[in-house]
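Below: final.csv (CSV, C-alpha atoms)
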chain,number,residue,atom,x,y,z
Q,17,MET,CA,79.4,20.4,149.2
Q,18,GLU,CA,80.0,16.7,149.8
Q,19,GLU,CA,83.1,16.1,151.9
Q,20,LYS,CA,85.7,14.0,150.1
Q,21,ILE,CA,87.3,11.2,152.0
Q,22,PHE,CA,91.0,10.9,151.8
Q,23,TYR,CA,93.0,7.8,152.8
Q,24,MET,CA,96.4,8.3,154.4
Q,25,TYR,CA,99.3,6.0,153.6
Q,26,LYS,CA,101.2,5.1,156.7
Q,27,ILE,CA,104.9,5.3,156.1
Q,28,ALA,CA,106.9,2.5,157.7
Q,29,ASN,CA,110.4,3.4,158.7
Q,30,MET,CA,112.7,0.8,157.2
Q,31,LEU,CA,115.5,2.0,159.4
Q,32,ASN,CA,115.7,4.9,161.8
Q,33,ILE,CA,118.9,6.5,162.9
Q,34,SER,CA,118.2,8.0,166.3
Q,35,LYS,CA,121.6,9.5,167.3
Q,36,ILE,CA,124.8,10.7,165.6
Q,37,VAL,CA,127.9,10.0,167.8
Q,38,THR,CA,131.0,11.2,165.8
Q,39,ILE,CA,131.9,12.3,162.3
Q,40,HIS,CA,135.5,12.3,161.0
Q,41,TYR,CA,137.4,12.8,157.8
Q,42,GLN,CA,140.9,11.6,158.4
Q,43,LYS,CA,144.0,11.7,156.3
Q,44,LEU,CA,146.2,8.8,157.4
Q,45,VAL,CA,149.9,8.6,156.9
Q,46,LYS,CA,151.4,5.2,155.9
Q,47,ASN,CA,152.0,2.9,158.9
Q,48,TYR,CA,149.3,4.7,160.9
Q,49,VAL,CA,147.6,2.3,163.4
Q,50,PHE,CA,144.6,3.1,165.6
Q,51,PRO,CA,144.4,0.5,168.4
Q,52,GLU,CA,141.5,-1.9,169.1
Q,53,GLU,CA,138.3,-0.5,170.5
Q,54,LYS,CA,134.6,-1.3,170.8
Q,55,HIS,CA,131.5,0.6,171.4
Q,56,ASN,CA,127.7,0.1,171.6
Q,57,PHE,CA,126.8,1.8,168.4
Q,58,TRP,CA,127.4,1.4,164.6
Q,59,GLU,CA,130.4,2.8,162.8
Q,60,LEU,CA,130.6,3.4,159.0
Q,61,ILE,CA,134.1,3.6,157.4
Q,62,TYR,CA,134.4,4.8,153.8
Q,63,CYS,CA,137.8,4.7,152.0
Q,64,ASP,CA,138.2,7.9,150.0
Q,65,LYS,CA,141.9,7.3,148.9
Q,66,ASN,CA,144.1,4.3,148.3
Q,67,GLU,CA,143.5,1.5,150.9
Q,68,VAL,CA,142.9,1.1,154.6
Q,69,ILE,CA,142.9,-2.1,156.7
Q,70,VAL,CA,140.0,-2.6,159.1
Q,71,ASN,CA,140.4,-5.5,161.5
Q,72,ILE,CA,137.1,-6.7,163.0
Q,73,LYS,CA,137.2,-9.4,165.7
Q,74,GLY,CA,140.6,-10.5,164.4
Q,75,GLU,CA,139.5,-10.7,160.7
Q,76,GLU,CA,141.3,-8.4,158.3
Q,77,ASN,CA,139.2,-6.4,155.8
Q,78,ARG,CA,141.0,-4.5,153.1
Q,79,LEU,CA,138.9,-1.5,152.2
Q,80,LYS,CA,139.8,0.1,148.8
Q,81,LYS,CA,138.9,3.5,147.5
Q,82,GLY,CA,135.1,3.7,146.9
Q,83,GLU,CA,134.3,0.9,149.4
Q,84,VAL,CA,132.4,1.2,152.6
Q,85,LEU,CA,132.2,-1.1,155.6
Q,86,LEU,CA,129.9,-1.0,158.6
Q,87,ILE,CA,131.1,-2.2,162.1
Q,88,SER,CA,128.4,-3.7,164.3
Q,89,PRO,CA,127.9,-2.5,167.9
Q,90,ASP,CA,130.3,-4.2,170.4
Q,91,ASP,CA,132.5,-5.7,167.7
Q,92,VAL,CA,136.2,-5.2,168.6
Q,93,HIS,CA,138.0,-3.4,165.7
Q,94,SER,CA,141.0,-1.5,164.8
Q,95,VAL,CA,142.2,0.6,161.8
Q,96,GLU,CA,145.6,0.7,160.1
Q,97,CYS,CA,147.0,2.3,157.0
Q,98,ASN,CA,148.8,0.4,154.3
Q,99,LYS,CA,152.6,0.4,155.0
Q,100,LYS,CA,153.4,1.7,151.5
Q,101,VAL,CA,150.9,4.5,150.9
Q,102,ASP,CA,148.8,7.0,152.9
Q,103,ALA,CA,145.0,6.9,152.9
Q,104,ASN,CA,141.9,9.1,153.4
Q,105,ILE,CA,138.9,7.8,155.2
Q,106,PHE,CA,135.5,9.1,156.2
Q,107,ILE,CA,133.9,7.8,159.5
Q,108,ILE,CA,130.5,8.4,160.9
Q,109,SER,CA,129.3,6.6,164.0
Q,110,PHE,CA,125.6,6.4,165.0
Q,111,GLU,CA,122.9,4.7,166.9
Q,112,CYS,CA,120.3,2.7,165.0
Q,113,LYS,CA,118.3,-0.1,166.6
Q,114,SER,CA,116.3,-1.1,163.5
Q,115,ARG,CA,116.5,-4.8,162.6
Q,116,THR,CA,117.2,-3.8,159.0
Q,117,MET,CA,120.8,-3.0,160.1
Q,118,ASN,CA,121.4,-6.8,160.5
Q,119,TYR,CA,121.7,-6.8,156.7
Q,120,PHE,CA,125.0,-5.0,156.9
Q,121,LYS,CA,126.7,-7.4,159.3
Q,122,GLY,CA,129.9,-8.9,157.7
Q,123,LYS,CA,129.4,-7.1,154.4
Q,124,LYS,CA,131.5,-4.7,152.4
Q,125,PHE,CA,130.0,-2.5,149.7
Q,126,ILE,CA,131.1,-0.5,146.7
Q,127,VAL,CA,129.5,2.9,146.8
Q,128,PRO,CA,128.4,3.9,143.3
Q,129,GLU,CA,129.4,7.3,142.0
Q,130,GLU,CA,125.8,8.5,142.2
Q,131,LEU,CA,125.6,7.8,146.0
Q,132,ARG,CA,129.0,9.4,146.9
Q,133,SER,CA,127.3,12.8,146.8
Q,134,LEU,CA,125.4,11.7,149.9
Q,135,LEU,CA,128.7,11.2,151.8
Q,136,SER,CA,129.9,14.6,150.6
Q,137,SER,CA,126.7,16.2,151.8
Q,138,ILE,CA,127.0,14.6,155.2
Q,139,MET,CA,130.6,15.9,155.6
Q,140,SER,CA,129.6,19.4,154.3
Q,141,GLU,CA,126.6,19.6,156.7
Q,142,ALA,CA,128.8,18.3,159.6
Q,143,LYS,CA,131.4,21.0,159.0
Q,144,ASN,CA,128.7,23.7,159.1
Q,145,THR,CA,126.8,22.2,162.0
Q,146,PHE,CA,129.5,20.9,164.4
Q,147,ILE,CA,133.0,21.8,165.4
Q,148,ILE,CA,135.0,19.2,163.5
Q,149,PRO,CA,138.7,19.0,164.3
Q,150,ASP,CA,141.2,18.5,161.5
Q,151,PHE,CA,142.4,15.2,163.0
Q,152,ASN,CA,141.2,13.7,166.3
Q,153,PRO,CA,140.7,9.9,166.1
Q,154,ASN,CA,139.8,10.0,169.8
Q,155,LEU,CA,136.9,12.4,169.3
Q,156,ASP,CA,134.1,11.2,171.6
Q,157,LYS,CA,131.6,14.1,171.4
Q,158,LEU,CA,130.2,16.4,168.7
Q,159,ILE,CA,130.0,20.0,169.8
Q,160,LEU,CA,127.4,22.2,168.1
Q,161,LYS,CA,128.7,25.4,166.5
Q,162,GLU,CA,127.5,28.8,167.8
Q,163,SER,CA,125.5,29.4,164.6
Q,164,PRO,CA,125.0,25.9,163.1
Q,165,ASN,CA,123.3,25.1,159.8
Q,166,LEU,CA,119.5,25.2,160.3
Q,167,GLY,CA,118.4,21.5,160.3
Q,168,GLY,CA,122.0,20.3,159.7
Q,169,ALA,CA,121.7,17.3,162.0
Q,170,GLN,CA,118.5,16.2,160.4
Q,171,ILE,CA,120.0,16.5,156.9
Q,172,ILE,CA,122.9,14.3,158.1
Q,173,LYS,CA,120.5,11.7,159.4
Q,174,ASN,CA,118.3,11.8,156.3
Q,175,ASN,CA,121.4,11.5,153.9
Q,176,LEU,CA,122.8,8.6,155.9
Q,177,GLU,CA,119.5,6.7,156.0
Q,178,GLU,CA,119.1,7.2,152.2
Q,179,LEU,CA,122.6,5.9,151.6
Q,180,LEU,CA,122.0,2.8,153.6
Q,181,ILE,CA,118.6,2.1,152.1
Q,182,LYS,CA,120.0,2.6,148.5
Q,183,LEU,CA,123.0,0.3,149.2
Q,184,ILE,CA,120.5,-2.5,150.2
Q,185,ARG,CA,118.4,-1.7,147.2
Q,186,ILE,CA,121.3,-2.0,144.8
Q,187,GLU,CA,122.7,-5.2,146.3
Q,188,THR,CA,119.4,-7.1,146.5
Q,189,ALA,CA,118.6,-6.1,142.9
Q,190,LYS,CA,121.7,-7.7,141.4
Q,191,PRO,CA,120.8,-10.7,139.2
Q,192,THR,CA,123.5,-12.7,140.9
Q,193,SER,CA,122.1,-12.2,144.3
Q,194,SER,CA,120.2,-15.1,145.8
Q,195,GLU,CA,119.2,-13.0,148.8
Q,196,ILE,CA,115.7,-11.5,148.9
Q,197,PHE,CA,115.6,-8.7,151.4
Q,198,ILE,CA,112.8,-8.7,154.0
Q,199,SER,CA,112.3,-5.4,155.7
Q,200,LYS,CA,112.0,-6.7,159.2
Q,201,ILE,CA,110.5,-3.4,160.4
Q,202,GLU,CA,110.3,-3.2,164.1
Q,203,ASP,CA,106.9,-1.6,164.3
Q,204,SER,CA,105.4,-3.1,161.2
Q,205,ASP,CA,102.1,-4.9,161.3
Q,206,ALA,CA,102.6,-6.6,158.0
Q,207,LEU,CA,102.1,-10.3,158.4
Q,208,GLU,CA,105.4,-11.3,156.7
Q,209,ASP,CA,107.3,-9.0,159.1
Q,210,GLU,CA,105.6,-10.4,162.1
Q,211,ILE,CA,106.5,-13.9,160.9
Q,212,VAL,CA,110.2,-12.9,160.5
Q,213,GLN,CA,110.3,-11.4,164.0
Q,214,ILE,CA,109.0,-14.6,165.5
Q,215,LEU,CA,111.5,-16.7,163.5
Q,216,GLU,CA,114.4,-14.5,164.6
Q,217,LYS,CA,113.3,-14.8,168.3
Q,218,ASN,CA,113.3,-18.6,168.0
Q,219,LEU,CA,116.7,-18.9,166.2
Q,220,TYR,CA,118.1,-21.1,169.0
Q,221,GLY,CA,115.0,-23.1,169.4
Q,222,LYS,CA,112.4,-24.8,167.2
Q,223,ILE,CA,109.2,-23.4,165.8
Q,224,SER,CA,106.6,-25.0,163.6
Q,225,LEU,CA,103.8,-23.7,161.3
Q,226,ASP,CA,101.3,-24.8,164.0
Q,227,ASP,CA,103.2,-22.6,166.5
Q,228,LEU,CA,103.1,-19.6,164.1
Q,229,SER,CA,99.4,-20.2,163.4
Q,230,THR,CA,98.6,-20.2,167.1
Q,231,SER,CA,100.8,-17.1,167.8
Q,232,LEU,CA,99.5,-15.0,164.9
Q,233,HIS,CA,95.9,-16.3,164.8
Q,234,TYR,CA,96.0,-17.1,161.1
Q,235,GLY,CA,95.6,-20.4,159.4
Q,236,LYS,CA,98.7,-22.2,158.1
Q,237,THR,CA,97.7,-21.9,154.5
Q,238,THR,CA,97.2,-18.1,154.8
Q,239,LEU,CA,100.6,-17.8,156.5
Q,240,CYS,CA,102.4,-19.8,153.9
Q,241,LYS,CA,100.8,-18.1,150.9
Q,242,THR,CA,101.3,-14.6,152.2
Q,243,PHE,CA,104.9,-15.2,153.1
Q,244,LYS,CA,105.7,-16.9,149.7
Q,245,LYS,CA,103.9,-14.1,147.8
Q,246,LYS,CA,105.8,-11.3,149.6
Q,247,THR,CA,109.2,-12.9,149.8
Q,248,GLY,CA,109.4,-15.6,147.2
Q,249,LYS,CA,110.4,-18.1,149.9
Q,250,SER,CA,108.8,-20.6,152.1
Q,251,ILE,CA,108.6,-20.0,155.9
Q,252,ILE,CA,110.5,-23.1,156.8
Q,253,GLY,CA,113.1,-22.4,154.1
Q,254,TYR,CA,113.7,-18.9,155.3
Q,255,TYR,CA,113.9,-20.1,158.9
Q,256,LEU,CA,116.6,-22.6,157.9
Q,257,GLU,CA,118.5,-19.8,156.1
Q,258,LEU,CA,118.5,-17.7,159.2
Q,259,LYS,CA,119.9,-20.6,161.2
Q,260,ILE,CA,122.6,-21.3,158.6
Q,261,GLU,CA,123.6,-17.6,158.5
Q,262,GLU,CA,123.9,-17.8,162.3
Q,263,SER,CA,126.0,-21.0,162.1
Q,264,LYS,CA,128.4,-19.2,159.7
Q,265,LYS,CA,129.1,-16.7,162.5
Q,266,MET,CA,129.6,-19.5,165.0
Q,267,ILE,CA,132.1,-21.2,162.6
Q,268,ARG,CA,134.0,-17.9,162.1
Q,269,GLU,CA,134.3,-17.8,165.9
Q,270,ASN,CA,135.8,-21.4,165.9
Q,271,MET,CA,132.8,-23.2,167.3
Q,272,SER,CA,132.7,-26.9,166.4
Q,273,PHE,CA,130.2,-28.0,163.8
Q,274,SER,CA,128.4,-30.3,166.3
Q,275,GLU,CA,128.1,-27.6,168.9
Q,276,ALA,CA,126.7,-25.2,166.3
Q,277,ALA,CA,124.2,-27.8,165.2
Q,278,ASN,CA,123.2,-28.5,168.7
Q,279,ILE,CA,122.7,-24.8,169.7
Q,280,LEU,CA,120.6,-24.2,166.6
Q,281,CYS,CA,118.5,-27.2,167.3
Q,282,PHE,CA,119.2,-29.3,164.2
Q,283,ASP,CA,118.1,-32.9,164.6
Q,284,SER,CA,121.6,-34.2,164.0
Q,285,LEU,CA,125.0,-33.2,162.7
Q,286,PRO,CA,124.3,-34.9,159.3
Q,287,HIS,CA,121.0,-32.9,159.1
Q,288,PHE,CA,122.9,-29.7,159.8
Q,289,THR,CA,125.6,-30.6,157.2
Q,290,LYS,CA,123.1,-31.4,154.5
Q,291,THR,CA,121.1,-28.2,155.1
Q,292,PHE,CA,124.3,-26.1,155.2
Q,293,LYS,CA,125.4,-27.5,151.8
Q,294,ARG,CA,122.0,-27.1,150.2
Q,295,ILE,CA,121.8,-23.5,151.2
Q,296,THR,CA,125.4,-22.4,150.7
Q,297,THR,CA,126.6,-25.0,148.1
Q,298,MET,CA,129.5,-25.8,150.6
Q,299,THR,CA,129.8,-28.2,153.5
Q,300,PRO,CA,130.6,-26.6,156.9
Q,301,ARG,CA,134.2,-27.8,156.5
Q,302,GLU,CA,134.5,-26.3,153.0
Q,303,TYR,CA,133.2,-23.0,154.4
Q,304,LYS,CA,135.6,-23.0,157.2
Q,305,ASN,CA,138.5,-23.7,154.9
Q,306,SER,CA,137.4,-20.9,152.6
Q,307,ILE,CA,137.5,-18.2,155.3
Q,308,LEU,CA,140.9,-19.4,156.5
Q,309,ASN,CA,142.5,-19.0,153.1

Encoded form using structure tokens:
Amino acid sequence: MEEKIFYMYKIANMLNISKIVTIHYQKLVKNYVFPEEKHNFWELIYCDKNEVIVNIKGEENRLKKGEVLLISPDDVHSVECNKKVDANIFIISFECKSRTMNYFKGKKFIVPEELRSLLSSIMSEAKNTFIIPDFNPNLDKLILKESPNLGGAQIIKNNLEELLIKLIRIETAKPTSSEIFISKIEDSDALEDEIVQILEKNLYGKISLDDLSTSLHYGKTTLCKTFKKKTGKSIIGYYLELKIEESKKMIRENMSFSEAANILCFDSLPHFTKTFKRITTMTPREYKNSILN
């Protein structure tokens, strides 16, 4: 019998959650305030009833029922309840070093009905896998039950990864979205991902097509055609978008426009202003005014 040859498809991990830190479901009374804290892992907060206020680096985010917010590692944050009504929130904190998580920085999402079952599954598995206190906002360690659910922690990880991937999928599929998501997989050998990784590493410098060609050992034409085909964007155009996204963060932190332009290696302040407006439809000044209002 002739041996049949099978070809195996290598599965690339778009994001990989390596550790679960804490899981809470909290019923907050009105006027509840949890003081500022920060930690070196991600935190997901989902509002399950009424409204909760999440302050991140001094910026107030009102999270309404059905909305979810992710807090980046090392971001100073606090949580408080609306002064008029109580609220219920679900919190899960976890470690994930995949570059894909950068997509969630500074964004709030509405969780569609069909995805809320994933949150319910996470909480159900958590209750049957770990000892979860009724209310302990200072919980700093999950303790395994004597007879935990078989594979409970893995199901929690899988459900959370599925939730995050599907949130990205929904947001980037919107007709009104001008953002085209690039996976940025850490261990990917796809050419477009390698290009993105190099661009990100040179965010505060300058890199040319010649530099990319030398680094990746491909011709400039091949690089440009491949990147355009896979992402719908030019390499330099995407590079400038990365820089402008970073400049927004700097502006939110009250850095001057000229200083941001200099750090990101724009040729001049007018060049930075012109690029900012072309990409965002606003000048840096208009953007700053919009976040202050």

Item to complete: Mind checking which residues fall within 7 Å of region 35-38 of chain Q, counting all atoms listed in the file, ignoring those fewer than 4 positions away in the same chain, and posting them as a list in words?
Response: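 In the requested format, the answer is Ile108, Ser109, Phe110, Glu111, Leu155, Asp156, Lys157 and Leu158 of chain Q.
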
Worksheet item: Using all atoms listed in the file, which residues sit within 12 Å of region 113-121 of chain Q once same-chain residues fewer than 4 positions away are excluded, as a PyMOL selection string?
Response: chain Q and resi 28-35+56-60+72+84-89+91+125+177+180-181+183-185+187-188+195-204+209+212-213+216-217+258+261-262+264-265

Worksheet item: What separation in Å, quoted to one decimal, exists between CA of Gly167 (chain Q) and CA of Asn104 (chain Q)?
Response: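 So the two atoms, CA of Gly167 (chain Q) and CA of Asn104 (chain Q), lie 27.5 Å apart.
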
Worksheet item: Between CA of Pro149 (chain Q) and CA of Leu176 (chain Q), what is the distance, to one decimal in Å?
Response: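 Between CA of Pro149 (chain Q) and CA of Leu176 (chain Q) the gap works out to 20.8 Å.
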
Worksheet item: Could you state the separation of CA of Asn305 (chain Q) and CA of Tyr62 (chain Q) in Å, given to one decimal place?
Response: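 One can read the CA of Asn305 (chain Q) to CA of Tyr62 (chain Q) distance as 28.8 Å.
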
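Shortest atom-to-atom contact with Asn77 (chain Q) among Q:Ile307, Q:Leu179, Q:Lys26, Q:Gly221: Q:Ile307, counting all atoms listed in the file.
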
Discussion item. Distance cut-off 7 Å, centre (102.7, -14.0, 160.0) in file coordinates, counting all atoms listed in the file: which residues qualify? Return them as a list in words.
Written reply: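 Protein, DNA and RNA residues close to (102.7, -14.0, 160.0): Leu207, Glu208, Asp209, Glu210, Ile211, Leu228, Leu232 and Leu239 of chain Q.
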
Worksheet, complete the sentence: From the list Q:Leu131, Q:Ala169, Q:Cys281, Q:Ile159, the nearest residue to Asn218 (chain Q) using all atoms listed in the file is Q:Cys281

Worksheet item: Which residue out of Q:Cys97, Q:Ile138, Q:Ile61, Q:Ile69 has the minimum interatomic distance to Leu44 (chain Q) when only C-alpha atoms are used?
Response: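 Among the listed residues, the smallest separation from Leu44 (chain Q) belongs to Q:Cys97.
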
Worksheet item: Counting all atoms listed in the file, which of Q:Ala206, Q:Ile260, Q:Ala103, Q:Leu215 gets nearest to Arg294 (chain Q)?
Response: Q:Ile260

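With distances restricted to all atoms listed in the file, Q:Ile267 is the closest residue to Pro300 (chain Q) from Q:Leu280, Q:Ile267, Q:Cys112, Q:Val101.
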